[in-house]
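Enquirer: Quick one: the structure is below, and I'll ask about it shortly.
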Amino acid sequence: MKTIEKKTSRKMAPTKSAQMVETIYGCKWSLTVYQLLANGVNRPGEMVRSVEGLTTKVLNQCLRKNTEFGILERISYHEVPPRVEYKVTDFGAKFMRVLDEIEALQREIEKQP
């Protein structure tokens, strides 16, 4: 009589997406930037003026990371003076839904006794 063996492969953590989530949550301004974009504030100067404590240097680092991950798209207009705007990509919208689910999970954990 033959026995059927069930083999399960070892589950590995997703490196790229885990790094992305870690980096975004590590930057305390990313979630604020997403909120600003959702409210129609898409120019860096406006973002800095809209949020107390946010500096241009830190915002540029945050925007650069989000652009490198493909969450945000940088749109550069060839005008004088130069104008730059940011918008959420299709991938970024999916990523933000994941962050929303993580937030919902956190609220659920906080409700537990």
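Ligands are numbered from 1 in the order shown, chains are lettered A, B, ... in the order of the structure tokens, and residues start at 1 in each chain.
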Within 8 Å of Thr56 (chain A), counting only C-alpha atoms, which residues show up once you throw out same-chain ones fewer than 4 positions away? Write them as an MDAnalysis selection string, please.
Expert: chainID A and resid 44:45 48 60
Enquirer: Could you tell me how far CA of Ile109 (chain A) sits from CA of Val51 (chain A), in Å to one decimal place?
Expert: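 Atom-to-atom, CA of Val51 (chain A) and CA of Ile109 (chain A) are spaced 29.1 Å apart.
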Enquirer: Using only C-alpha atoms for the distances, tell me which of A:Arg97, A:Leu36, A:Arg49, A:Lys65 is nearest to Gln19 (chain A).
Expert: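 Using only C-alpha atoms, Gln19 (chain A) sits closest to A:Lys65.
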Enquirer: Where in region 9-89 of chain A does DSSP assign strand (DSSP E or B), given as a list in words?
Expert: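 Of region 9-89 of chain A, only Leu72, Glu73, Arg74, Ile75, Ser76, Tyr77, Arg83, Val84, Glu85, Tyr86, Lys87 and Val88 of chain A fall in strand (DSSP E or B).
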Enquirer: Would you write out those residues with C-alpha atoms, as an mmCIF file, in the first residue's frame?
Expert:
```
data_model
loop_
_atom_site.group_PDB
_atom_site.id
_atom_site.type_symbol
_atom_site.label_atom_id
_atom_site.label_comp_id
_atom_site.auth_asym_id
_atom_site.auth_seq_id
_atom_site.Cartn_x
_atom_site.Cartn_y
_atom_site.Cartn_z
ATOM 1 C CA LEU A 72 3.785 58.265 -7.179
ATOM 2 C CA GLU A 73 4.478 59.771 -10.576
ATOM 3 C CA ARG A 74 6.433 63.000 -10.965
ATOM 4 C CA ILE A 75 5.113 65.295 -13.670
ATOM 5 C CA SER A 76 7.488 68.053 -14.734
ATOM 6 C CA TYR A 77 6.192 70.989 -16.769
ATOM 7 C CA ARG A 83 6.493 73.505 -12.134
ATOM 8 C CA VAL A 84 6.400 69.963 -10.721
ATOM 9 C CA GLU A 85 3.338 67.998 -9.639
ATOM 10 C CA TYR A 86 2.871 64.510 -8.235
ATOM 11 C CA LYS A 87 0.050 62.063 -8.727
ATOM 12 C CA VAL A 88 -0.732 58.571 -7.502
#
```
Enquirer: Would you please extract all alpha helix (DSSP H) residues from region 51-99 of chain A, as assigned by DSSP on the backbone, and give them as a VMD selection string?
Expert: chain A and resid 56 to 68 90 to 99
Enquirer: Kindly save the residues from that selection, with C-alpha atoms included, as a PDB file, in the first residue's frame.
Expert:
```
ATOM      1  CA  THR A  56      11.327  70.788   1.761  1.00  0.00           C
ATOM      2  CA  LYS A  57      14.325  68.485   2.224  1.00  0.00           C
ATOM      3  CA  VAL A  58      12.344  65.767   4.024  1.00  0.00           C
ATOM      4  CA  LEU A  59       9.425  66.073   1.593  1.00  0.00           C
ATOM      5  CA  ASN A  60      11.748  65.677  -1.409  1.00  0.00           C
ATOM      6  CA  GLN A  61      13.273  62.524   0.133  1.00  0.00           C
ATOM      7  CA  CYS A  62       9.793  61.133   0.779  1.00  0.00           C
ATOM      8  CA  LEU A  63       8.572  61.953  -2.736  1.00  0.00           C
ATOM      9  CA  ARG A  64      11.725  60.454  -4.274  1.00  0.00           C
ATOM     10  CA  LYS A  65      11.258  57.150  -2.396  1.00  0.00           C
ATOM     11  CA  ASN A  66       7.611  56.955  -3.395  1.00  0.00           C
ATOM     12  CA  THR A  67       8.500  57.693  -7.017  1.00  0.00           C
ATOM     13  CA  GLU A  68      11.241  55.033  -7.033  1.00  0.00           C
ATOM     14  CA  ASP A  90      -2.461  52.886 -10.612  1.00  0.00           C
ATOM     15  CA  PHE A  91       0.002  50.721  -8.702  1.00  0.00           C
ATOM     16  CA  GLY A  92       0.094  53.359  -5.957  1.00  0.00           C
ATOM     17  CA  ALA A  93      -3.685  53.198  -5.595  1.00  0.00           C
ATOM     18  CA  LYS A  94      -3.436  49.423  -5.095  1.00  0.00           C
ATOM     19  CA  PHE A  95      -0.618  49.904  -2.593  1.00  0.00           C
ATOM     20  CA  MET A  96      -2.662  52.447  -0.644  1.00  0.00           C
ATOM     21  CA  ARG A  97      -5.524  49.970  -0.413  1.00  0.00           C
ATOM     22  CA  VAL A  98      -3.066  47.549   1.228  1.00  0.00           C
ATOM     23  CA  LEU A  99      -2.082  50.283   3.702  1.00  0.00           C
TER      24      LEU A  99
END
```
Enquirer: Which of these residues is nearest to Gly70 (chain A), using only C-alpha atoms: A:Thr8, A:Thr55, A:Thr89, A:Thr15?
Expert: A:Thr89
Enquirer: Quick one: pull the distance between CA of Leu105 (chain A) and CA of Asn42 (chain A), Å, one decimal.
Expert: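 These two atoms are separated by 28.6 Å.
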Enquirer: Just the residues within 12 Å of Gly53 (chain A), please, counting only C-alpha atoms, with nothing from its chain fewer than 6 positions along; format it as a PDB file with all heavy atoms, in the first residue's frame.
Expert:
```
ATOM      1  N   LYS A  28       7.703  58.998   8.221  1.00  0.00           N
ATOM      2  CA  LYS A  28       6.482  59.436   8.903  1.00  0.00           C
ATOM      3  C   LYS A  28       5.622  60.383   8.071  1.00  0.00           C
ATOM      4  O   LYS A  28       4.479  60.631   8.409  1.00  0.00           O
ATOM      5  CB  LYS A  28       6.805  60.050  10.246  1.00  0.00           C
ATOM      6  CG  LYS A  28       7.463  61.408  10.196  1.00  0.00           C
ATOM      7  CD  LYS A  28       7.682  61.919  11.591  1.00  0.00           C
ATOM      8  CE  LYS A  28       8.121  63.362  11.595  1.00  0.00           C
ATOM      9  NZ  LYS A  28       8.232  63.892  12.936  1.00  0.00           N
ATOM     10  N   TRP A  29       6.147  60.877   6.960  1.00  0.00           N
ATOM     11  CA  TRP A  29       5.395  61.834   6.156  1.00  0.00           C
ATOM     12  C   TRP A  29       4.669  61.208   4.976  1.00  0.00           C
ATOM     13  O   TRP A  29       3.818  61.855   4.370  1.00  0.00           O
ATOM     14  CB  TRP A  29       6.323  62.940   5.658  1.00  0.00           C
ATOM     15  CG  TRP A  29       6.886  63.750   6.785  1.00  0.00           C
ATOM     16  CD1 TRP A  29       8.169  63.725   7.247  1.00  0.00           C
ATOM     17  CD2 TRP A  29       6.180  64.672   7.616  1.00  0.00           C
ATOM     18  NE1 TRP A  29       8.304  64.581   8.304  1.00  0.00           N
ATOM     19  CE2 TRP A  29       7.104  65.178   8.560  1.00  0.00           C
ATOM     20  CE3 TRP A  29       4.871  65.120   7.670  1.00  0.00           C
ATOM     21  CZ2 TRP A  29       6.745  66.111   9.525  1.00  0.00           C
ATOM     22  CZ3 TRP A  29       4.517  66.046   8.634  1.00  0.00           C
ATOM     23  CH2 TRP A  29       5.446  66.529   9.546  1.00  0.00           C
ATOM     24  N   THR A  32       0.910  61.213   5.226  1.00  0.00           N
ATOM     25  CA  THR A  32       0.428  62.595   5.135  1.00  0.00           C
ATOM     26  C   THR A  32       0.429  63.058   3.682  1.00  0.00           C
ATOM     27  O   THR A  32      -0.510  63.717   3.229  1.00  0.00           O
ATOM     28  CB  THR A  32       1.310  63.528   5.998  1.00  0.00           C
ATOM     29  OG1 THR A  32       1.317  63.037   7.334  1.00  0.00           O
ATOM     30  CG2 THR A  32       0.809  64.948   5.982  1.00  0.00           C
ATOM     31  N   MET A  47       2.453  71.456  -0.455  1.00  0.00           N
ATOM     32  CA  MET A  47       2.515  70.443   0.586  1.00  0.00           C
ATOM     33  C   MET A  47       3.258  70.963   1.808  1.00  0.00           C
ATOM     34  O   MET A  47       2.791  70.808   2.937  1.00  0.00           O
ATOM     35  CB  MET A  47       3.192  69.171   0.062  1.00  0.00           C
ATOM     36  CG  MET A  47       2.397  68.417  -0.961  1.00  0.00           C
ATOM     37  SD  MET A  47       3.305  66.962  -1.537  1.00  0.00           S
ATOM     38  CE  MET A  47       2.235  66.386  -2.830  1.00  0.00           C
ATOM     39  N   LEU A  59      10.469  66.349   2.580  1.00  0.00           N
ATOM     40  CA  LEU A  59       9.425  66.073   1.593  1.00  0.00           C
ATOM     41  C   LEU A  59      10.033  65.530   0.309  1.00  0.00           C
ATOM     42  O   LEU A  59       9.536  64.553  -0.249  1.00  0.00           O
ATOM     43  CB  LEU A  59       8.608  67.332   1.292  1.00  0.00           C
ATOM     44  CG  LEU A  59       7.566  67.166   0.189  1.00  0.00           C
ATOM     45  CD1 LEU A  59       6.501  66.159   0.585  1.00  0.00           C
ATOM     46  CD2 LEU A  59       6.939  68.497  -0.163  1.00  0.00           C
TER      47      LEU A  59
END
```
Enquirer: To one decimal place in Å, what is the distance between CA of Gln106 (chain A) and CA of Val33 (chain A)?
Expert: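 Between CA of Gln106 (chain A) and CA of Val33 (chain A) the gap is 20.4 Å.
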